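Participant: The structure's right below; bear with me while I get my questions together.
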Amino acid sequence: GCTVQLVEESLSPTVHFDPGLRGRLGALLPGAPVLVTGAGHDAGVLAAKLPAAMVFVRNPSGVSHSPEEYVEDSDAEAGAAALADVLEGLLAG
């Protein structure tokens with residue numbers, strides 16, 4: 001006895017991050033996996049204007065954008081160190 005109506009309220013196109021920057025990140029973070037992401041609301045909005053990419057930190061629960069989202073301190077520290085390495089490498093050319 002129920003009816004459902006689906007209404008598209010917004011649609012974001014697929015964002016492909018800069019291949020050159022993605023390659024440099026891979027070289028600076030050897031062994032890090034390359035992930036496909038729908039995180040267009042993050043660095044994706046920048047990708048239309050400048051080279052953009054993302055570095056992710058492990059989230060053991062997989063919960064995102066929620067009060068239940070968390071990251072272990074050691075993973076946050078590893079992410080910060082990886083980002084510092086990337087920035088240093090990018091500045092060095």
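Please note that chains go A, B, ... in the order of the structure tokens, that every chain numbers its residues from 1, and that ligands are numbered from 1 in the order shown.
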Applying 12 Å and only C-alpha atoms, which residues near A:Pro33 remain after dropping the ones on its own chain fewer than 6 positions away? List them as a PDB file with N, CA and C atoms, in the first residue's frame.
Facilitator:
ATOM      1  N   ARG A  22      48.739  12.333  -9.591  1.00  0.00           N
ATOM      2  CA  ARG A  22      48.494  11.003  -9.040  1.00  0.00           C
ATOM      3  C   ARG A  22      49.749  10.141  -9.177  1.00  0.00           C
ATOM      4  N   GLY A  23      50.433  10.248 -10.321  1.00  0.00           N
ATOM      5  CA  GLY A  23      51.675   9.506 -10.519  1.00  0.00           C
ATOM      6  C   GLY A  23      52.765   9.942  -9.558  1.00  0.00           C
ATOM      7  N   LEU A  25      52.269  11.263  -6.608  1.00  0.00           N
ATOM      8  CA  LEU A  25      51.899  10.759  -5.282  1.00  0.00           C
ATOM      9  C   LEU A  25      52.298   9.290  -5.143  1.00  0.00           C
ATOM     10  N   GLY A  26      52.051   8.524  -6.194  1.00  0.00           N
ATOM     11  CA  GLY A  26      52.425   7.108  -6.168  1.00  0.00           C
ATOM     12  C   GLY A  26      53.919   6.909  -6.007  1.00  0.00           C
ATOM     13  N   ALA A  27      54.704   7.761  -6.654  1.00  0.00           N
ATOM     14  CA  ALA A  27      56.162   7.667  -6.531  1.00  0.00           C
ATOM     15  C   ALA A  27      56.628   8.078  -5.136  1.00  0.00           C
ATOM     16  N   MET A  54      43.937  13.142  -3.806  1.00  0.00           N
ATOM     17  CA  MET A  54      43.620  12.972  -2.385  1.00  0.00           C
ATOM     18  C   MET A  54      44.516  11.909  -1.775  1.00  0.00           C
ATOM     19  N   VAL A  55      44.839  12.087  -0.510  1.00  0.00           N
ATOM     20  CA  VAL A  55      45.538  11.080   0.297  1.00  0.00           C
ATOM     21  C   VAL A  55      44.561  10.679   1.393  1.00  0.00           C
ATOM     22  N   PHE A  56      44.234   9.398   1.453  1.00  0.00           N
ATOM     23  CA  PHE A  56      43.258   8.902   2.429  1.00  0.00           C
ATOM     24  C   PHE A  56      43.953   8.291   3.631  1.00  0.00           C
ATOM     25  N   VAL A  57      43.290   8.368   4.782  1.00  0.00           N
ATOM     26  CA  VAL A  57      43.752   7.740   6.011  1.00  0.00           C
ATOM     27  C   VAL A  57      42.816   6.580   6.308  1.00  0.00           C
ATOM     28  N   ARG A  58      43.381   5.463   6.745  1.00  0.00           N
ATOM     29  CA  ARG A  58      42.596   4.267   7.035  1.00  0.00           C
ATOM     30  C   ARG A  58      41.520   4.560   8.082  1.00  0.00           C
TER      31      ARG A  58
END
Participant: Find the residue from A:Pro67, A:Pro51, A:Pro60, A:Gly79 that sits nearest to A:Arg24; use only C-alpha atoms when measuring.
Facilitator: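 Closest to A:Arg24, using only C-alpha atoms: A:Pro51.
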Participant: Which residue gives the smallest distance to A:Gly31 among A:Ala76, A:Ala82, A:Val71, A:Val7, with only C-alpha atoms counted?
Facilitator: A:Ala82
